[in-house]
Amino acid sequence: MIRPTRVLPVLLLAPLLLTACGSEKADADPAAGPSASVTEAADQGELDARAQALGVAPELVYVTGAPGFTLAQQSVGVLGDDGFSATWVSHETGAHLRLSVDRGSITDATCPEQPVGDMSGERTTCERDGDVWYRTGAGRHEYAVPEEGHVVRVSGEADAVPREVLREAALAAHRPDASEAAGLLPPAEPAPSGPVERGDLPSFGDGAPDNGVGVGG
C-alpha cells in the first residue's frame with residue numbers, strides 16, 4: 001500500500017522559511033564582536049587623544065627607525081606650535097637620530113634659508129636627492145621630505161650618523177599604525193575628576209590659607 005505524501009501549501013511554507021532564517025541570523029549577532037571599522041575608529045580616537053595631550057596635531061605624528069637605534073621615549077613631544085619631534089639613540093655609539101615634523105614647505109628657493117636642526121644663523125647647503133633634499137649646516141646634516149602641508153626631517157650629527165643611515169631613515173618615515181603609535185606616544189593622563197585638594201586650607205572659618213608662622217615666628 002502506498003502512503004500518500006502530505007505537501008505543505010506554499011503560503012504556509014514561506015513564513016516558516018523566513019522565520020528559520022531570521023532566527024539563525026539573530027543567534028549569530030550576539031556572538032559577533034565589534035566590526036573592524038569600529039575598533040579602528042576607537043584606536044584612532046585614543047591615539048589622537050594621546051597626541052593632543054602632548055600638544056601635537058595627530059596628522060603630524062610620524063615614526064621611523066634605523067638599525068641599531070632605539071627610541072628615546074622621553075624625547076617624544078611637541079615641536080613649535082603643534083609639530084612633532086622624537087629622537088632615536090644608537091646603543092653602540094650614542095649617536096642621535098632626530099625625527100621632526102612641522103607645518104610648512106620646502107622648495108629650491110627656500111631650502112637654503114631654512115636652518116638645519118633648528119640652528120638659526122648658520123649657513124645651509126642643499127642638494128636634491130630624487131624627491132627629497134639632503135641638507136648640511138652647523139655640523140649637522142639632514143634629509144627633508146616634503147609632504148602635503150608639512151615637511152618631515154631626519155637629522156643627525158655629520159660625524160656620527162652616516163649619510164646612508166640618515167637617508168634610509170628619512171625615506172622610511174611614515175604615519176604610524178595603531179600598534180606603532182601606541183608604542184610611540186605616551187598615554188594621555190585622565191582629567192581630574194574633582195577639585196584639587198590644598199593642604200594649607202583650614203577646615204574651619206572662611207577657608208583662607210593658613211599663613212601662621214607659629215610660636216617664635
# chains A, B, ... in the order shown; residues from 1 in each chain; ligands from 1
>>> closest_atom_pairs(of="range 165-185 of chain A", to="range 131-144 of chain A", cutoff="9 Å", atoms="only C-alpha atoms", output="tab-separated table")
residue	atom	partner	partner_atom	distance
A:Leu166	CA	A:Tyr143	CA	6.8
A:Arg167	CA	A:Tyr143	CA	6.2
A:Ala169	CA	A:Tyr143	CA	8.9
A:Ala170	CA	A:Tyr143	CA	6.1
A:Leu171	CA	A:Tyr143	CA	8.7
>>> write_last_selection(atoms="C-alpha atoms", output="compact mmCIF listing (two decimals), in the first residue's frame")
# COMPACT_ATOMS: atom_id res chain seq x y z
CA LEU A 166 70.07 59.21 7.51
CA ARG A 167 68.60 58.73 4.04
CA ALA A 169 65.52 56.60 7.99
CA ALA A 170 64.06 59.62 6.18
CA LEU A 171 62.59 57.53 3.37
>>> select_by_dssp(residues="range 36-117 of chain A", states="strand (DSSP E)", output="ChimeraX atom specification")
/A:69-71,77-79,83-90,96-103
>>> write_last_selection(atoms="N, CA and C atoms", output="PDB file, in the first residue's frame")
ATOM      1  N   PHE A  69      69.366  51.647  16.323  1.00  0.00           N
ATOM      2  CA  PHE A  69      68.845  52.823  17.016  1.00  0.00           C
ATOM      3  C   PHE A  69      67.557  52.466  17.748  1.00  0.00           C
ATOM      4  N   THR A  70      67.413  53.021  18.954  1.00  0.00           N
ATOM      5  CA  THR A  70      66.243  52.768  19.791  1.00  0.00           C
ATOM      6  C   THR A  70      65.598  54.093  20.166  1.00  0.00           C
ATOM      7  N   LEU A  71      64.276  54.124  20.155  1.00  0.00           N
ATOM      8  CA  LEU A  71      63.544  55.339  20.505  1.00  0.00           C
ATOM      9  C   LEU A  71      63.842  55.742  21.945  1.00  0.00           C
ATOM     10  N   GLY A  77      57.710  64.558  21.831  1.00  0.00           N
ATOM     11  CA  GLY A  77      56.995  65.744  22.279  1.00  0.00           C
ATOM     12  C   GLY A  77      56.635  66.673  21.143  1.00  0.00           C
ATOM     13  N   VAL A  78      56.185  67.857  21.529  1.00  0.00           N
ATOM     14  CA  VAL A  78      55.710  68.846  20.566  1.00  0.00           C
ATOM     15  C   VAL A  78      56.876  69.648  20.016  1.00  0.00           C
ATOM     16  N   LEU A  79      56.758  70.064  18.774  1.00  0.00           N
ATOM     17  CA  LEU A  79      57.740  70.926  18.112  1.00  0.00           C
ATOM     18  C   LEU A  79      57.021  72.160  17.607  1.00  0.00           C
ATOM     19  N   GLY A  83      53.771  70.795  16.014  1.00  0.00           N
ATOM     20  CA  GLY A  83      54.550  69.799  15.294  1.00  0.00           C
ATOM     21  C   GLY A  83      54.971  68.648  16.201  1.00  0.00           C
ATOM     22  N   PHE A  84      55.782  67.751  15.647  1.00  0.00           N
ATOM     23  CA  PHE A  84      56.158  66.536  16.371  1.00  0.00           C
ATOM     24  C   PHE A  84      57.656  66.333  16.296  1.00  0.00           C
ATOM     25  N   SER A  85      58.209  65.794  17.375  1.00  0.00           N
ATOM     26  CA  SER A  85      59.647  65.531  17.413  1.00  0.00           C
ATOM     27  C   SER A  85      59.915  64.295  18.262  1.00  0.00           C
ATOM     28  N   ALA A  86      60.878  63.486  17.823  1.00  0.00           N
ATOM     29  CA  ALA A  86      61.304  62.313  18.593  1.00  0.00           C
ATOM     30  C   ALA A  86      62.740  61.984  18.200  1.00  0.00           C
ATOM     31  N   THR A  87      63.455  61.339  19.105  1.00  0.00           N
ATOM     32  CA  THR A  87      64.866  61.032  18.877  1.00  0.00           C
ATOM     33  C   THR A  87      65.126  59.549  19.123  1.00  0.00           C
ATOM     34  N   TRP A  88      65.920  58.957  18.216  1.00  0.00           N
ATOM     35  CA  TRP A  88      66.380  57.578  18.361  1.00  0.00           C
ATOM     36  C   TRP A  88      67.874  57.615  18.676  1.00  0.00           C
ATOM     37  N   VAL A  89      68.318  56.727  19.558  1.00  0.00           N
ATOM     38  CA  VAL A  89      69.707  56.733  20.030  1.00  0.00           C
ATOM     39  C   VAL A  89      70.370  55.393  19.691  1.00  0.00           C
ATOM     40  N   SER A  90      71.605  55.462  19.188  1.00  0.00           N
ATOM     41  CA  SER A  90      72.372  54.264  18.910  1.00  0.00           C
ATOM     42  C   SER A  90      72.898  53.680  20.215  1.00  0.00           C
ATOM     43  N   HIS A  96      72.691  60.302  17.925  1.00  0.00           N
ATOM     44  CA  HIS A  96      71.273  60.637  17.952  1.00  0.00           C
ATOM     45  C   HIS A  96      70.742  60.792  16.530  1.00  0.00           C
ATOM     46  N   LEU A  97      69.549  60.270  16.328  1.00  0.00           N
ATOM     47  CA  LEU A  97      68.839  60.401  15.050  1.00  0.00           C
ATOM     48  C   LEU A  97      67.511  61.075  15.375  1.00  0.00           C
ATOM     49  N   ARG A  98      67.352  62.311  14.912  1.00  0.00           N
ATOM     50  CA  ARG A  98      66.169  63.090  15.288  1.00  0.00           C
ATOM     51  C   ARG A  98      65.171  63.174  14.142  1.00  0.00           C
ATOM     52  N   LEU A  99      63.935  62.839  14.445  1.00  0.00           N
ATOM     53  CA  LEU A  99      62.821  62.990  13.512  1.00  0.00           C
ATOM     54  C   LEU A  99      62.006  64.194  13.930  1.00  0.00           C
ATOM     55  N   SER A 100      61.759  65.117  12.994  1.00  0.00           N
ATOM     56  CA  SER A 100      60.932  66.283  13.296  1.00  0.00           C
ATOM     57  C   SER A 100      59.962  66.517  12.145  1.00  0.00           C
ATOM     58  N   VAL A 101      58.750  66.891  12.504  1.00  0.00           N
ATOM     59  CA  VAL A 101      57.699  67.145  11.523  1.00  0.00           C
ATOM     60  C   VAL A 101      57.021  68.454  11.902  1.00  0.00           C
ATOM     61  N   ASP A 102      56.958  69.370  10.955  1.00  0.00           N
ATOM     62  CA  ASP A 102      56.336  70.660  11.234  1.00  0.00           C
ATOM     63  C   ASP A 102      55.639  71.164   9.983  1.00  0.00           C
ATOM     64  N   ARG A 103      54.704  72.054  10.189  1.00  0.00           N
ATOM     65  CA  ARG A 103      53.962  72.603   9.057  1.00  0.00           C
ATOM     66  C   ARG A 103      54.867  73.491   8.206  1.00  0.00           C
TER      67      ARG A 103
END
>>> atom_distance(atom1="CA of Ala72 in chain A", atom2="CA of Ser155 in chain A")
15.0 Å
>>> atom_distance(atom1="CA of Pro176 in chain A", atom2="CA of Val63 in chain A")
5.8 Å
>>> closest_residue(among="A:Glu92, A:Thr124, A:Arg153, A:Glu168", to="Tyr62 in chain A", atoms="only C-alpha atoms")
A:Arg153
>>> residues_around(residues="Cys111 in chain A", least_positions_apart="4", cutoff="7 Å", atoms="only C-alpha atoms", output="VMD selection string")
chain A and resid 106 to 107 126
>>> write_last_selection(atoms="N, CA, C and O atoms", output="PDB file, in the first residue's frame")
ATOM      1  N   ILE A 106      59.066  73.234   1.577  1.00  0.00           N
ATOM      2  CA  ILE A 106      60.465  73.456   1.241  1.00  0.00           C
ATOM      3  C   ILE A 106      60.606  73.353  -0.273  1.00  0.00           C
ATOM      4  O   ILE A 106      60.082  72.432  -0.903  1.00  0.00           O
ATOM      5  N   THR A 107      61.287  74.333  -0.856  1.00  0.00           N
ATOM      6  CA  THR A 107      61.472  74.385  -2.303  1.00  0.00           C
ATOM      7  C   THR A 107      62.934  74.693  -2.601  1.00  0.00           C
ATOM      8  O   THR A 107      63.741  74.966  -1.689  1.00  0.00           O
ATOM      9  N   CYS A 126      72.160  72.877   0.231  1.00  0.00           N
ATOM     10  CA  CYS A 126      71.074  71.982  -0.174  1.00  0.00           C
ATOM     11  C   CYS A 126      71.467  71.211  -1.424  1.00  0.00           C
ATOM     12  O   CYS A 126      72.072  71.775  -2.340  1.00  0.00           O
TER      13      CYS A 126
END
>>> closest_residue(among="A:Val61, A:Pro146, A:Gln52, A:Thr110", to="Glu180 in chain A", atoms="only C-alpha atoms")
A:Val61
>>> closest_residue(among="A:Ala109, A:Ala66, A:Leu60, A:Ala53", to="Pro162 in chain A", atoms="only C-alpha atoms")
A:Ala66
>>> atom_distance(atom1="CA of Gly65 in chain A", atom2="CA of Ala172 in chain A")
7.3 Å
